[in-house]
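The next block holds one structure in the form of structure tokens; read it before the comments.
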Amino acid sequence: MEILTGNQQLVKQINKNLVLDTIKKEAPISRAHISQKLGLNKGTVSSLVNELIEEQLTIESGTGKSSGGRKPVMLLFNEKAGYSIGIDLGVNYILGVLTDLQGNIVTEIRKNVHVRDYDSVLHILKLCIQDLISASPSSYYGIIGIGIGVPGLVNNEGEIFIAPNLGWKNTHLNSDMEESFHIPVIIENEANAGAYGEKLFGAGKNHIDILYVSAGIGIGVGIILKGELFTGMRGFAGEMGHMIIRADGKKCSCGSQGCWELYASEHALLEEAEQRLGTDKKNLSLEQLVELAEQGNEIVLQLFHDIGKYMAIGINNMINTFNPEQIIIGNRLALAKPWITDALSTFIRTNTLSQHQKDIKIDFSKLSSHSAAFGVSAMSIGSFLKGDYNKVKLQSGEGFSSPTDC
Ligand SMILES: [Zn+2]
């Protein structure tokens with residue numbers, strides 16, 4: 001058996017990841033073409049491909065066109081070698097998706113959640129995950145990971161520092177989940193997860209400097225710079241919802257005043273609607289307001305116009321700070337696209353520095369409410385394909401403890 005030093009082992013793993021990534025993106029592709037693309041010699045590519053075939057991550061499929069000699073065997077990525085779970089844990093709902101290793105959806109589950117305390121939500125979450133596991137087709141690796149997007153500050157170790165709209169502080173959701181399922185768990189801020197999802201599968205596919213505005217009950221921003229998620233020193237970057245846009249403005253749960261999300265979120269919309277329509281906000285929903293706007297209700301049209309303007313104020317500040325290629329507006333308020341777009345683009349046109357306006361694209365999420373769930377599922381897949389598959393295979397024999405035991 002070949003014995004490799006630590007460095008050689010690392011180089012080999014890096015090369016293997018590159019080969020797998022190339023197959024994943026460019027399949028069907030031949031060994032010779034991979035070697036050409038990556039500048040690795042044919043023998044190295046061949047031996048790495050053999051390992052990937054043994055590990056069930058790559059399969060051979062027929063022959064391609066010959067460029068002279070023998071027709072080359074074409075390689076495919078085996079996206080059915082395992083499945084990944086992505087959860088968007090909202091303030092009042094849980095959305096879960098089961099995807100294959102290429103991010104194709106197999107099934108999804110959505111539950112409205114009317115409790116917020118950690119133990120009750122954890123119980124419902126585990127039941128949802130168990131349902132997704134049960135729905136997963138049989139495969140070589142089984143479930144390779146669980147990604148969970150949460151509306152709160154998540155540090156680089158995956159601990160939830162604070163989730164104000166859920167009322168959670170210092171929770172170890174990752175270890176609680178790993179103990180139950182014996183599967184690697186990734187916890188990520190939902191706006192970061194959404195940004196990642198849109199970059200890989202949605203509106204951000206062709207851009208590298210993207211700001212994803214997750215406008216739900218609160219507002220969070222996922223920052224993609226040079227194609228990579230930027231999370232800051234401890235993982236807390238992107239808390240733009242608490243950027244102050246009004247000195248001495250409304251009081252915020254963060255302790256500050258005049259924060260952006262108090263004027264431009266779904267919560268802000270419902271509060272304003274309560275005042276202007278004289279209806280208790282408990283009896284109002286974004287969907288109802290959208291319906292009223294469709295019917296031409298003047299009060300509601302003005303309401304959306306004002307929310308669009310406030311959204312633009314925050315977006316203007318971010319554009320002036322980051323000079324991004326693209327802004328993507330996602331999460332719940334993306335539903336109001338037809339009624340906020342005019343106010344938003346007018347404000348940007350008249351206020352944002354003209355140099356920044358050249359070429360900037362302001363788009364709405366393509367994955368709709370699924371950005372975060374797809375994003376965290378893809379994060380789990382990314383971590384698995386970087387080499388964690390050996391670990392997963394080792395653990396997959398252990399089985400899952402039943403969530404109802406908790
Ligand atoms: Zn605040």
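Each chain of the structure tokens is named A, B, ... in the order shown, its residues numbered from 1; ligands are numbered from 1 in display order.
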Quiz item: DSSP says helix (DSSP H, G or I) for which residues of stretch 278-405 of chain A? Put them as number ranges by chain?
Solution: A: 281-283, 286-294, 298-322, 332-351, 354-357, 368-398, 403-405
Quiz item: Quick one: residues within 9 Å of ligand 1, with only C-alpha atoms and all ligand atoms, as a PyMOL selection string?
Solution: chain A and resi 239-244+251-262
Selection from above, C-alpha atoms, as a tab-separated table (two decimals), in the first residue's frame, can you write it?
chain	number	residue	atom	x	y	z
A	239	GLU	CA	-26.66	42.01	10.45
A	240	MET	CA	-27.79	44.90	8.28
A	241	GLY	CA	-31.32	44.66	9.69
A	242	HIS	CA	-29.85	46.58	12.63
A	243	MET	CA	-28.25	49.29	10.55
A	244	ILE	CA	-29.67	52.55	11.93
A	251	LYS	CA	-37.07	51.10	19.59
A	252	CYS	CA	-35.62	47.79	18.44
A	253	SER	CA	-35.33	44.47	20.31
A	254	CYS	CA	-31.55	44.70	19.78
A	255	GLY	CA	-31.46	47.64	22.22
A	256	SER	CA	-30.89	50.25	19.53
A	257	GLN	CA	-33.28	52.67	17.85
A	258	GLY	CA	-34.27	53.28	14.24
A	259	CYS	CA	-32.98	49.94	12.86
A	260	TRP	CA	-33.67	49.20	9.18
A	261	GLU	CA	-35.82	46.12	9.87
A	262	LEU	CA	-38.28	48.19	11.87
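Our summary of the geometry notes that atom CA of A:Met318 is positioned 10.2 Å from atom CA of A:Gly238.
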Exercise. Write out as a count of residues only the residues lying within 12 Å of A:Phe304, counting only C-alpha atoms and excluding same-chain residues fewer than 3 positions away.
Key: 39
Practice problem: Skip A:Val11 itself and residues of its chain fewer than 6 positions away, then list as a ChimeraX atom specification all residues within 12 Å of it, counting only C-alpha atoms. | Solution: /A:4-5,17-18,40,44,48
Restricting the output to N, CA, C and O atoms, write the selected residues as an mmCIF file, in the first residue's frame.
data_model
loop_
_atom_site.group_PDB
_atom_site.id
_atom_site.type_symbol
_atom_site.label_atom_id
_atom_site.label_comp_id
_atom_site.auth_asym_id
_atom_site.auth_seq_id
_atom_site.Cartn_x
_atom_site.Cartn_y
_atom_site.Cartn_z
ATOM 1 N N LEU A 4 1.777 7.764 2.340
ATOM 2 C CA LEU A 4 1.955 9.176 2.014
ATOM 3 C C LEU A 4 2.237 9.988 3.276
ATOM 4 O O LEU A 4 1.702 9.689 4.344
ATOM 5 N N THR A 5 3.077 11.019 3.158
ATOM 6 C CA THR A 5 3.305 11.914 4.292
ATOM 7 C C THR A 5 2.085 12.822 4.419
ATOM 8 O O THR A 5 1.227 12.872 3.521
ATOM 9 N N ASN A 17 -10.350 16.413 -4.811
ATOM 10 C CA ASN A 17 -11.506 17.322 -4.768
ATOM 11 C C ASN A 17 -11.665 18.060 -6.090
ATOM 12 O O ASN A 17 -12.778 18.258 -6.575
ATOM 13 N N LEU A 18 -10.519 18.461 -6.669
ATOM 14 C CA LEU A 18 -10.572 19.176 -7.950
ATOM 15 C C LEU A 18 -11.125 18.270 -9.053
ATOM 16 O O LEU A 18 -11.947 18.691 -9.863
ATOM 17 N N LEU A 40 -3.072 18.235 -14.527
ATOM 18 C CA LEU A 40 -2.519 17.117 -13.741
ATOM 19 C C LEU A 40 -2.166 15.997 -14.708
ATOM 20 O O LEU A 40 -2.835 15.840 -15.729
ATOM 21 N N THR A 44 -2.029 10.397 -12.541
ATOM 22 C CA THR A 44 -2.616 10.915 -11.290
ATOM 23 C C THR A 44 -4.134 10.958 -11.414
ATOM 24 O O THR A 44 -4.859 10.466 -10.538
ATOM 25 N N LEU A 48 -6.882 8.790 -9.224
ATOM 26 C CA LEU A 48 -7.889 9.485 -8.397
ATOM 27 C C LEU A 48 -9.299 9.113 -8.844
ATOM 28 O O LEU A 48 -10.199 8.889 -8.024
#
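If only C-alpha atoms are the atoms counted, then among A:His172, A:His305, A:Lys37, A:Arg234 the closest residue to A:Asn156 is A:Arg234.
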Exercise. Counting only C-alpha atoms, figure out which residue out of A:Asp88, A:Asp117, A:Glu271, A:Glu159 gets nearest to A:Gly194.
Key: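 Comparing A:Asp88, A:Asp117, A:Glu271, A:Glu159 against A:Gly194, the winner is A:Asp88.
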Practice problem: Would you return as number ranges by chain the members of stretch 155-326 of chain A that DSSP assigns to strand (DSSP E) on this structure's backbone? | Solution: A: 160-163, 168-171, 185-189, 210-215, 219-225, 228-230, 326
How close does each residue of stretch 301-375 of chain A get to stretch 197-214 of chain A, giving the shortest atom pair and distance in Å to one decimal for every residue with an atom at most 9 Å away, counting only C-alpha atoms, sorted by chain and residue number, as JSON lines?
{"residue": "A:Ile315", "atom": "CA", "partner": "A:Val213", "partner_atom": "CA", "distance": 8.5}
{"residue": "A:Met318", "atom": "CA", "partner": "A:Leu211", "partner_atom": "CA", "distance": 8.2}
{"residue": "A:Ile319", "atom": "CA", "partner": "A:Leu211", "partner_atom": "CA", "distance": 8.7}
{"residue": "A:Phe322", "atom": "CA", "partner": "A:Asp209", "partner_atom": "CA", "distance": 8.6}
{"residue": "A:Asn323", "atom": "CA", "partner": "A:Asp209", "partner_atom": "CA", "distance": 8.4}
{"residue": "A:Pro324", "atom": "CA", "partner": "A:Asp209", "partner_atom": "CA", "distance": 5.1}
{"residue": "A:Glu325", "atom": "CA", "partner": "A:Asp209", "partner_atom": "CA", "distance": 5.3}
{"residue": "A:Gln326", "atom": "CA", "partner": "A:Ile210", "partner_atom": "CA", "distance": 4.9}
{"residue": "A:Ile327", "atom": "CA", "partner": "A:Leu211", "partner_atom": "CA", "distance": 4.9}
{"residue": "A:Ile328", "atom": "CA", "partner": "A:Tyr212", "partner_atom": "CA", "distance": 4.7}
{"residue": "A:Ile329", "atom": "CA", "partner": "A:Val213", "partner_atom": "CA", "distance": 4.9}
{"residue": "A:Gly330", "atom": "CA", "partner": "A:Ser214", "partner_atom": "CA", "distance": 4.9}
{"residue": "A:Asn331", "atom": "CA", "partner": "A:Ser214", "partner_atom": "CA", "distance": 5.1}
{"residue": "A:Arg332", "atom": "CA", "partner": "A:Ser214", "partner_atom": "CA", "distance": 7.8}
{"residue": "A:Leu333", "atom": "CA", "partner": "A:Ser214", "partner_atom": "CA", "distance": 8.3}
{"residue": "A:Ala334", "atom": "CA", "partner": "A:Ser214", "partner_atom": "CA", "distance": 8.8}
{"residue": "A:Asp363", "atom": "CA", "partner": "A:Ala203", "partner_atom": "CA", "distance": 7.2}
{"residue": "A:Phe364", "atom": "CA", "partner": "A:Ala203", "partner_atom": "CA", "distance": 7.3}
{"residue": "A:Ser365", "atom": "CA", "partner": "A:Ala203", "partner_atom": "CA", "distance": 5.9}
{"residue": "A:Lys366", "atom": "CA", "partner": "A:Gly202", "partner_atom": "CA", "distance": 5.0}
{"residue": "A:Leu367", "atom": "CA", "partner": "A:Gly202", "partner_atom": "CA", "distance": 5.7}
{"residue": "A:His370", "atom": "CA", "partner": "A:Gly197", "partner_atom": "CA", "distance": 8.3}
{"residue": "A:Ser371", "atom": "CA", "partner": "A:Gly197", "partner_atom": "CA", "distance": 5.0}
{"residue": "A:Ala372", "atom": "CA", "partner": "A:Gly197", "partner_atom": "CA", "distance": 6.1}
{"residue": "A:Ala373", "atom": "CA", "partner": "A:Gly197", "partner_atom": "CA", "distance": 7.7}
{"residue": "A:Phe374", "atom": "CA", "partner": "A:Gly197", "partner_atom": "CA", "distance": 5.4}
{"residue": "A:Gly375", "atom": "CA", "partner": "A:Gly197", "partner_atom": "CA", "distance": 3.6}
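The space separating atom CA of A:Gly90 from atom CA of A:Gln130 comes to 18.3 Å.
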Using only C-alpha atoms, find each residue in stretch 51-96 of chain A having at least one atom no more than 7 Å away from stretch 376-390 of chain A; report its shortest atom-to-atom pair and that distance in Å (one decimal), rows by chain then rising number, as CSV.
residue,atom,partner,partner_atom,distance
A:Ser84,CA,A:Ser377,CA,5.7
A:Ile85,CA,A:Ser377,CA,5.4
A:Gly86,CA,A:Ser377,CA,4.0
Each residue of stretch 102-185 of chain A lying at most 12 Å from stretch 217-225 of chain A should get a row with its shortest atom-to-atom pair and the distance in Å to one decimal, counting only C-alpha atoms; could you produce that, ordered by chain and increasing number, as a Markdown table?
| residue | atom | partner | partner_atom | distance |
| --- | --- | --- | --- | --- |
| A:Gly149 | CA | A:Gly222 | CA | 11.9 |
| A:Val150 | CA | A:Gly220 | CA | 10.8 |
| A:Pro151 | CA | A:Gly220 | CA | 8.1 |
| A:Gly152 | CA | A:Gly220 | CA | 8.7 |
| A:Leu153 | CA | A:Gly220 | CA | 9.9 |
| A:Ala163 | CA | A:Gly218 | CA | 10.9 |
| A:Pro164 | CA | A:Gly218 | CA | 9.6 |
| A:Asn165 | CA | A:Gly218 | CA | 7.9 |
| A:Leu166 | CA | A:Ile217 | CA | 10.8 |
Self-check item: Close residues, A:Glu157 itself excluded, 9 Å, only C-alpha atoms, min 2 positions apart in chain, as a list of chain:residue names
Solution: A:Val154, A:Asn155, A:Glu159, A:Ile160, A:Ile187, A:Arg234, A:Gly235
